Amino acid sequence: MAARTKARKRAVDVLYEADVRGSDPLELLRERVALASPPIPDHAVRLVEGVAEHAARIDELIDRHAHGWSIDRLPDVDRAILRMAVFELLWVDDVPDPVVIDQAVELARSLSTDDSPAYVNGVLGAVLDAEVPTT
C-alpha cells in the first residue's frame with residue numbers, strides 16, 4: 001500500500017473515531033501521534049489538521065452536495081471519508097483531483113456499505129464541479 005494511501009486511511013480512522021466519540025479531532029490526533037503505535041504519517045496529520053481548520057466549510061459543501069441526505073444522516077465512516085477528501089480536493093494542491101476521488105472511493109469500498117463507493121464518488125464529483133474552476 002502506498003504511503004499516501006496509508007496516510008489517508010489513518011486520517012479517516014482519526015476523523016471517524018473523533019466523530020463517533022464526539023471529541024476534538026485535533027486532540028485525538030495529538031494522542032495518536034504521542035502513542036506512535038502505529039506511527040501517524042505526516043500526510044495524515046496534514047489531512048486531519050486541514051479538516052479541523054476548514055470543518056464548517058467542508059460540512060457545508062458536503063451537506064449541499066449530498067443529495068437526499070443531511071451530513072448528520074450519513075454513515076459515520078462515509079462522513080469521515082468525505083470530509084478528508086473534500087479538504088484534499090480543495091486545499092491540497094500536490095495531489096491530482098482524480099487521485100483524491102479514487103482513493104476516497106476505495107476507502108468507501110473497503111470500509112463502508114456496498115452503496116457507499118458510488119455515493120462518495122457522486123458527492124465528491126459534485127463538490128469538484130461546483131467548487132474548482134476549470135481552465
# chains A, B, ... in the order shown; residues from 1 in each chain; ligands from 1
call {"tool": "residues_around", "arguments": {"residues": "Gly125 (chain A)", "least_positions_apart": "6", "cutoff": "12 Å", "atoms": "only C-alpha atoms", "output": "list in words"}}
result
Leu61, Ile62, His65, Ala66, Leu82, Ala85, Val86, Leu89, Asp97, Pro98, Val100, Ile101, Asp102, Ala104, Val105, Ala118, Tyr119, Glu131 and Val132 of chain A
call {"tool": "write_last_selection", "arguments": {"atoms": "C-alpha atoms", "output": "PDB file, in the first residue's frame"}}
result
ATOM      1  CA  LEU A  61     -20.216  21.626   0.967  1.00  0.00           C
ATOM      2  CA  ILE A  62     -20.970  18.017   1.837  1.00  0.00           C
ATOM      3  CA  HIS A  65     -24.000  18.130  -2.454  1.00  0.00           C
ATOM      4  CA  ALA A  66     -25.100  15.025  -0.517  1.00  0.00           C
ATOM      5  CA  LEU A  82     -15.942  12.777   2.563  1.00  0.00           C
ATOM      6  CA  ALA A  85     -11.462  14.062   0.558  1.00  0.00           C
ATOM      7  CA  VAL A  86     -13.168  17.461   0.304  1.00  0.00           C
ATOM      8  CA  LEU A  89      -9.645  18.309  -3.213  1.00  0.00           C
ATOM      9  CA  ASP A  97      -8.161  15.540  -8.047  1.00  0.00           C
ATOM     10  CA  PRO A  98      -8.836  12.181  -9.768  1.00  0.00           C
ATOM     11  CA  VAL A 100      -8.193  12.034  -4.347  1.00  0.00           C
ATOM     12  CA  ILE A 101     -11.568  10.830  -5.587  1.00  0.00           C
ATOM     13  CA  ASP A 102     -10.265   7.371  -6.499  1.00  0.00           C
ATOM     14  CA  ALA A 104     -11.837   8.093  -1.298  1.00  0.00           C
ATOM     15  CA  VAL A 105     -13.931   5.649  -3.333  1.00  0.00           C
ATOM     16  CA  ALA A 118     -20.864   5.304  -5.754  1.00  0.00           C
ATOM     17  CA  TYR A 119     -22.330   7.794  -3.279  1.00  0.00           C
ATOM     18  CA  GLU A 131     -16.006  24.494  -6.399  1.00  0.00           C
ATOM     19  CA  VAL A 132     -12.991  24.024  -8.668  1.00  0.00           C
TER      20      VAL A 132
END
call {"tool": "residues_around", "arguments": {"residues": "region 2-14 of chain A", "least_positions_apart": "6", "cutoff": "9 Å", "atoms": "only C-alpha atoms", "output": "VMD selection string"}}
result
chain A and resid 25 to 26 28 to 29 32 40 to 48 77 80 to 81 83 to 85 103 to 104 107
call {"tool": "write_last_selection", "arguments": {"atoms": "N, CA and C atoms", "output": "mmCIF file, in the first residue's frame"}}
result
data_model
loop_
_atom_site.group_PDB
_atom_site.id
_atom_site.type_symbol
_atom_site.label_atom_id
_atom_site.label_comp_id
_atom_site.auth_asym_id
_atom_site.auth_seq_id
_atom_site.Cartn_x
_atom_site.Cartn_y
_atom_site.Cartn_z
ATOM 1 N N PRO A 25 -11.063 16.336 16.947
ATOM 2 C CA PRO A 25 -10.131 15.543 16.143
ATOM 3 C C PRO A 25 -8.669 15.926 16.359
ATOM 4 N N LEU A 26 -8.413 17.191 16.647
ATOM 5 C CA LEU A 26 -7.020 17.605 16.881
ATOM 6 C C LEU A 26 -6.475 17.029 18.179
ATOM 7 N N LEU A 28 -7.530 14.218 19.602
ATOM 8 C CA LEU A 28 -7.344 12.789 19.336
ATOM 9 C C LEU A 28 -6.092 12.564 18.490
ATOM 10 N N LEU A 29 -5.876 13.407 17.513
ATOM 11 C CA LEU A 29 -4.675 13.312 16.676
ATOM 12 C C LEU A 29 -3.423 13.442 17.535
ATOM 13 N N ARG A 32 -2.808 10.244 19.328
ATOM 14 C CA ARG A 32 -2.318 9.186 18.436
ATOM 15 C C ARG A 32 -0.863 9.426 18.035
ATOM 16 N N ILE A 40 1.820 7.856 12.990
ATOM 17 C CA ILE A 40 0.902 8.652 12.169
ATOM 18 C C ILE A 40 1.731 9.356 11.090
ATOM 19 N N PRO A 41 1.484 9.052 9.825
ATOM 20 C CA PRO A 41 2.236 9.700 8.742
ATOM 21 C C PRO A 41 1.971 11.207 8.700
ATOM 22 N N ASP A 42 2.952 11.952 8.214
ATOM 23 C CA ASP A 42 2.824 13.404 8.119
ATOM 24 C C ASP A 42 1.611 13.819 7.290
ATOM 25 N N HIS A 43 1.348 13.094 6.208
ATOM 26 C CA HIS A 43 0.204 13.459 5.363
ATOM 27 C C HIS A 43 -1.113 13.259 6.123
ATOM 28 N N ALA A 44 -1.191 12.263 6.980
ATOM 29 C CA ALA A 44 -2.394 12.062 7.795
ATOM 30 C C ALA A 44 -2.580 13.235 8.750
ATOM 31 N N VAL A 45 -1.500 13.687 9.349
ATOM 32 C CA VAL A 45 -1.567 14.852 10.240
ATOM 33 C C VAL A 45 -2.068 16.062 9.463
ATOM 34 N N ARG A 46 -1.502 16.261 8.279
ATOM 35 C CA ARG A 46 -1.902 17.379 7.413
ATOM 36 C C ARG A 46 -3.402 17.304 7.103
ATOM 37 N N LEU A 47 -3.898 16.115 6.804
ATOM 38 C CA LEU A 47 -5.311 15.954 6.456
ATOM 39 C C LEU A 47 -6.224 16.228 7.644
ATOM 40 N N VAL A 48 -5.913 15.663 8.796
ATOM 41 C CA VAL A 48 -6.763 15.870 9.980
ATOM 42 C C VAL A 48 -6.738 17.336 10.394
ATOM 43 N N VAL A 77 -18.563 6.588 8.849
ATOM 44 C CA VAL A 77 -17.333 6.399 8.092
ATOM 45 C C VAL A 77 -17.385 7.162 6.768
ATOM 46 N N ALA A 80 -16.543 10.743 7.473
ATOM 47 C CA ALA A 80 -15.097 10.934 7.677
ATOM 48 C C ALA A 80 -14.349 10.916 6.341
ATOM 49 N N ILE A 81 -14.703 9.976 5.480
ATOM 50 C CA ILE A 81 -14.061 9.888 4.162
ATOM 51 C C ILE A 81 -14.338 11.151 3.352
ATOM 52 N N ARG A 83 -15.192 14.169 4.406
ATOM 53 C CA ARG A 83 -14.509 15.338 4.985
ATOM 54 C C ARG A 83 -13.053 15.376 4.567
ATOM 55 N N MET A 84 -12.385 14.240 4.688
ATOM 56 C CA MET A 84 -10.975 14.181 4.319
ATOM 57 C C MET A 84 -10.796 14.498 2.840
ATOM 58 N N ALA A 85 -11.619 13.888 1.995
ATOM 59 C CA ALA A 85 -11.462 14.062 0.558
ATOM 60 C C ALA A 85 -11.805 15.482 0.101
ATOM 61 N N GLN A 103 -9.053 7.436 -4.390
ATOM 62 C CA GLN A 103 -8.667 6.938 -3.075
ATOM 63 C C GLN A 103 -9.846 6.967 -2.104
ATOM 64 N N ALA A 104 -10.665 8.012 -2.169
ATOM 65 C CA ALA A 104 -11.837 8.093 -1.298
ATOM 66 C C ALA A 104 -12.832 6.976 -1.630
ATOM 67 N N LEU A 107 -11.498 3.748 -0.233
ATOM 68 C CA LEU A 107 -11.720 3.686 1.215
ATOM 69 C C LEU A 107 -13.175 3.335 1.514
#
call {"tool": "atom_distance", "arguments": {"atom1": "CA of Arg109 (chain A)", "atom2": "CA of Arg21 (chain A)"}}
result
23.2 Å
call {"tool": "atom_distance", "arguments": {"atom1": "CA of Asp76 (chain A)", "atom2": "CA of Tyr16 (chain A)"}}
result
6.4 Å
call {"tool": "atom_distance", "arguments": {"atom1": "CA of Ser70 (chain A)", "atom2": "CA of Asn121 (chain A)"}}
result
16.5 Å
call {"tool": "closest_residue", "arguments": {"among": "A:Leu128, A:Ala36, A:Val51, A:Val120", "to": "Leu15 (chain A)", "atoms": "only C-alpha atoms"}}
result
A:Val51
call {"tool": "closest_residue", "arguments": {"among": "A:Gly68, A:Pro38, A:Gly50, A:Gly22", "to": "Val123 (chain A)", "atoms": "only C-alpha atoms"}}
result
A:Gly68
call {"tool": "select_by_dssp", "arguments": {"residues": "chain A", "states": "alpha helix (DSSP H)", "output": "PyMOL selection string"}}
result
chain A and resi 3-21+25-35+42-53+55-65+76-91+97-111+116-131
